[in-house]
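Following: one structure in structure tokens, then a few remarks.
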Amino acid sequence: MSDRSQLISTGKPFQFDKERDAEFERLIKRYPTRESMILPALWLIQEQEGWISQEAMAYAADRIGTFASKVYEAATFYTMYNLHPMGKNHICVCRTLSCWLRGKQEIVDYLKNEIGIQPGQISDDGKFSLEEVECLGHCGSAPVVQVNGEFHENMDVDKLKSLLATLK
Amino acid sequence: MADKIKLFVNGVEVEVEAGKNLIDAVGAVGIEIPHLCYHPALGADGNCRMCLVGIEDGRPPLVPACKTPAQEGMKVLLDAEHIKKIQHDVMEFELINHPTDCPVCDQAGECKLQDYYMSYDHAKSRMNVPQVVKGKKMDFGAGVVHDQERCVVCGRCVRFCRQITKTGELGIINRTDDARVNIFPGRPLANRYAINVVDLCPVGAMTSKDFRFKQRVWFLKKAPGICHGCSKGCNITIDHNREKYKDDIIYRFRPRLNEQVNGYFMCDEGRLSYKKENEGRLTEARLGTKVRPIDDVLAACSKEMEQAAKIAILLSPNCSLEQMVTVQALAEKIGAALSGYSEGYIKTGDGDDYLIQDDKSANRAGLNLLGIDSSKEGFEKAVQEASLLLNFNNDLTLSYQENELTKLLKDTKIVAVAAAANQCTAMADMAIPVASFSEYAGTLINCDNILQHFAKAITKNEDLADICTIAARLGSPLQNDNERYSVLQKCISALKEFGVDQIPAEGLNLKKSEAANVTA
């Protein structure tokens, strides 16, 4: 674990776009309390911006009507929330047991060479960011790579090559 | 009286109050179960695991005492080897990332971690990897300074802000050994009870900006008192110390438990009002422009009183009941008009629905109970008719603008009997310094009609007389405490069954006992 408490401020006010605003209002009816919206709201922000800024967190808290500290807690607890800008293509490689045994390391090594970054880094041109993540829940088709939220199963270096080509 | 139940602690039978959890129940009879996160005002959280105890009835081997209600016949195990090991292990976990900077830590001496280390751990550190580095001396606002490294993440402060003040400024950020208490950037502590988190913090993570580095707590003498900051009358502990060659100084007020009045907490404003006891005091008696011994000024004052055709006497709503009856008796004897006018002590809209009251005076209920007029018209009429005004510690500058006051009192000679030096004492013809509330004993009635007695807490190097003594020397027939108390007993029927020193520590609810008298 690492310290995720340093939030990044954009200096600009945040607001949901029209689509996410509607989604927020749709979801909020589902839950018994408004506070239940903390996690979905953070997802919506991440979907919209790719990451969650200090302003966005404050916006979520005020929109939900909860304490900003509670949103801050949730966002720093779950590592799936990106608290700093990511590459245009955010690549997550699963590193939990099944994927590890089925060769995630080859995939990570290939990506490291090809893009020239370590897991946790963003490429200089801002096109790629790479991360090793815990179980993505697709153990049956390990190893799994997730690009911008989309799953690619049974991955190997060849498949990765053609995948990367579509991203560049 | 709550129901009693019997249970066994380490095989010894004890009788405890029913309906409480194990920590509170056996704690009340003097058996301590160590705990960090549990606080009676904040409820059980069960995160620190320090209070794990064994119950010999086939339950899981260990249960948290904070979440276990005391029950009849329960067999509680505290001193078994496996429980001692748990306590030792929890302490070791807590201390892994603790900086152990006790020599420079303000909490040293009143630190749960320190105490429990001595009682339950007492082992050398086995840590050979670097500790997690976190934030130091973070300014959380409202006079609270936080040290994340000292924190044991018990969450008391977080729960206080969410449950009690409902402002929720604090949160526990990150997880695992990186977890730490923090504010959301740009949203600091902004409630009027914030410094309570310093008291709540079992370790030195939360410190008061006002108190830190001023005194080591083991030098402080603790005296019970009652806050005079508003009409709530929160019970406080007055922490004071007389350093070598110096005077007795108050270093802090801390809330003292009284379920009937303030619970475990007090407001920040009241807490910091100790400064008024130390600073800005009227210390010298003054006759005209000259500083004179207090006896001379009193003699001069008595002479003025003899010569004056009509005298007006003004009382402060902060005076104790004893002071009020003494001055009232003086007024009756000399035929003076007595007023308790103090509109300026009420800050309308300042109070809240918790502890803070609009009325910033400690004993207005007493003033009303004794039938002392506190109308503006009454006071102004009395002053206009009188040639001499005896002002007993009433800060008129709160009720009047300066020019209004000069206009009102331009033909009146003023004797100011006051604890604090202010505009009122400056414009007086004679000034007589008196003790402030930490320096005398007295009785107050708070906004909820609860009568409370407080004892003298501080003895200054040059101890000042209190208003009772001054009024007695100016001719009040009530010359000693017993006489004053018997007058009080006449006025307040509920006091009849109590002697001077027998008023219950938690206070006397006059509403309840008046009602009881009626039904009886």
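Residues are named by chain letter and number: chains run A, B, ... in the order of the structure tokens, numbers start at 1 in each chain, and ligands are numbered from 1 in the order shown.
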
Residues of chain B within 7 Å of chain A, counting only C-alpha atoms, as a PDB file with N, CA and C atoms, in the first residue's frame:
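What ended up in selection-v8.pdb:
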```
ATOM      1  N   GLY B 168     -18.520  16.349  10.474  1.00  0.00           N
ATOM      2  CA  GLY B 168     -17.787  15.373   9.675  1.00  0.00           C
ATOM      3  C   GLY B 168     -16.538  15.865   8.977  1.00  0.00           C
ATOM      4  N   GLU B 169     -15.749  16.705   9.630  1.00  0.00           N
ATOM      5  CA  GLU B 169     -14.561  17.222   8.951  1.00  0.00           C
ATOM      6  C   GLU B 169     -13.467  16.161   8.824  1.00  0.00           C
ATOM      7  N   LEU B 170     -13.449  15.211   9.749  1.00  0.00           N
ATOM      8  CA  LEU B 170     -12.326  14.272   9.775  1.00  0.00           C
ATOM      9  C   LEU B 170     -12.702  12.934   9.154  1.00  0.00           C
ATOM     10  N   GLY B 171     -11.693  12.299   8.567  1.00  0.00           N
ATOM     11  CA  GLY B 171     -11.906  10.975   8.021  1.00  0.00           C
ATOM     12  C   GLY B 171     -10.636  10.162   8.154  1.00  0.00           C
ATOM     13  N   ILE B 172     -10.767   8.830   8.027  1.00  0.00           N
ATOM     14  CA  ILE B 172      -9.582   7.981   8.033  1.00  0.00           C
ATOM     15  C   ILE B 172      -9.249   7.648   6.589  1.00  0.00           C
ATOM     16  N   ILE B 173      -8.122   8.131   6.164  1.00  0.00           N
ATOM     17  CA  ILE B 173      -7.722   8.091   4.770  1.00  0.00           C
ATOM     18  C   ILE B 173      -6.768   6.913   4.549  1.00  0.00           C
ATOM     19  N   ASN B 174      -6.779   6.363   3.335  1.00  0.00           N
ATOM     20  CA  ASN B 174      -5.954   5.195   2.992  1.00  0.00           C
ATOM     21  C   ASN B 174      -6.404   3.969   3.775  1.00  0.00           C
ATOM     22  N   ARG B 175      -5.607   2.933   3.679  1.00  0.00           N
ATOM     23  CA  ARG B 175      -5.906   1.754   4.503  1.00  0.00           C
ATOM     24  C   ARG B 175      -4.618   1.073   4.926  1.00  0.00           C
ATOM     25  N   ASP B 178      -0.961   2.477   6.219  1.00  0.00           N
ATOM     26  CA  ASP B 178      -0.909   3.850   5.733  1.00  0.00           C
ATOM     27  C   ASP B 178      -2.118   4.660   6.181  1.00  0.00           C
ATOM     28  N   ILE B 183      -8.113  15.820   7.266  1.00  0.00           N
ATOM     29  CA  ILE B 183      -9.258  16.617   6.844  1.00  0.00           C
ATOM     30  C   ILE B 183      -9.280  16.598   5.326  1.00  0.00           C
ATOM     31  N   PHE B 184     -10.435  16.849   4.735  1.00  0.00           N
ATOM     32  CA  PHE B 184     -10.474  17.003   3.290  1.00  0.00           C
ATOM     33  C   PHE B 184      -9.782  18.326   2.960  1.00  0.00           C
TER      34      PHE B 184
END
```

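Scanning chain A with DSSP on the backbone, the strand (DSSP E) assignments fall on Asn89, His90, Ile91, Cys92, Val93, Cys94, Phe128, Ser129, Leu130, Glu131, Glu132, Val133, Val145, Gln146, Val147, Glu150, Phe151 and His152 of chain A.
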
Using only C-alpha atoms, please write the residues we just selected to a file, as a tab-separated table (two decimals), in the first residue's frame.
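Produced file out_6.tsv, reproduced below:
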```
chain	number	residue	atom	x	y	z
A	89	ASN	CA	-5.13	4.12	-22.78
A	90	HIS	CA	-5.05	2.75	-19.27
A	91	ILE	CA	-3.79	-0.84	-19.32
A	92	CYS	CA	-4.36	-3.05	-16.27
A	93	VAL	CA	-2.75	-6.46	-16.09
A	94	CYS	CA	-4.12	-8.85	-13.51
A	128	PHE	CA	-0.35	4.81	-22.17
A	129	SER	CA	-0.38	4.03	-18.52
A	130	LEU	CA	0.35	0.60	-17.12
A	131	GLU	CA	-0.75	-0.94	-13.86
A	132	GLU	CA	-0.64	-4.34	-12.26
A	133	VAL	CA	-3.91	-4.90	-10.45
A	145	VAL	CA	-5.71	-7.55	-19.56
A	146	GLN	CA	-8.10	-4.67	-19.09
A	147	VAL	CA	-7.79	-1.67	-21.39
A	150	GLU	CA	-12.63	-3.44	-21.51
A	151	PHE	CA	-11.56	-7.03	-20.88
A	152	HIS	CA	-9.22	-9.00	-23.13
```

Close residues, region 153-156 of chain B itself excluded, 8 Å, only C-alpha atoms, min 4 positions apart in chain, as a count of residues only: 15

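Residues in contact with Glu49 (chain A) at up to 10 Å, not including ones fewer than 6 positions away on its chain and judged by only C-alpha atoms, are Phe14, Phe16, Trp43, Ala56, Asn82, Pro85 and Met86 of chain A.
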
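The space separating CA of Asp158 (chain A) from CA of Leu101 (chain A) comes to 18.2 Å.
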
Could you name the residues that touch His228 (chain B) at 12 Å or less, counting only C-alpha atoms, but leaving out those on the same chain fewer than 5 positions away, as a PyMOL selection string? chain B and resi 233-236+253+266-267+269-274+276-277+316-320+345+356-357+359-364+436-438+442-447+452+454
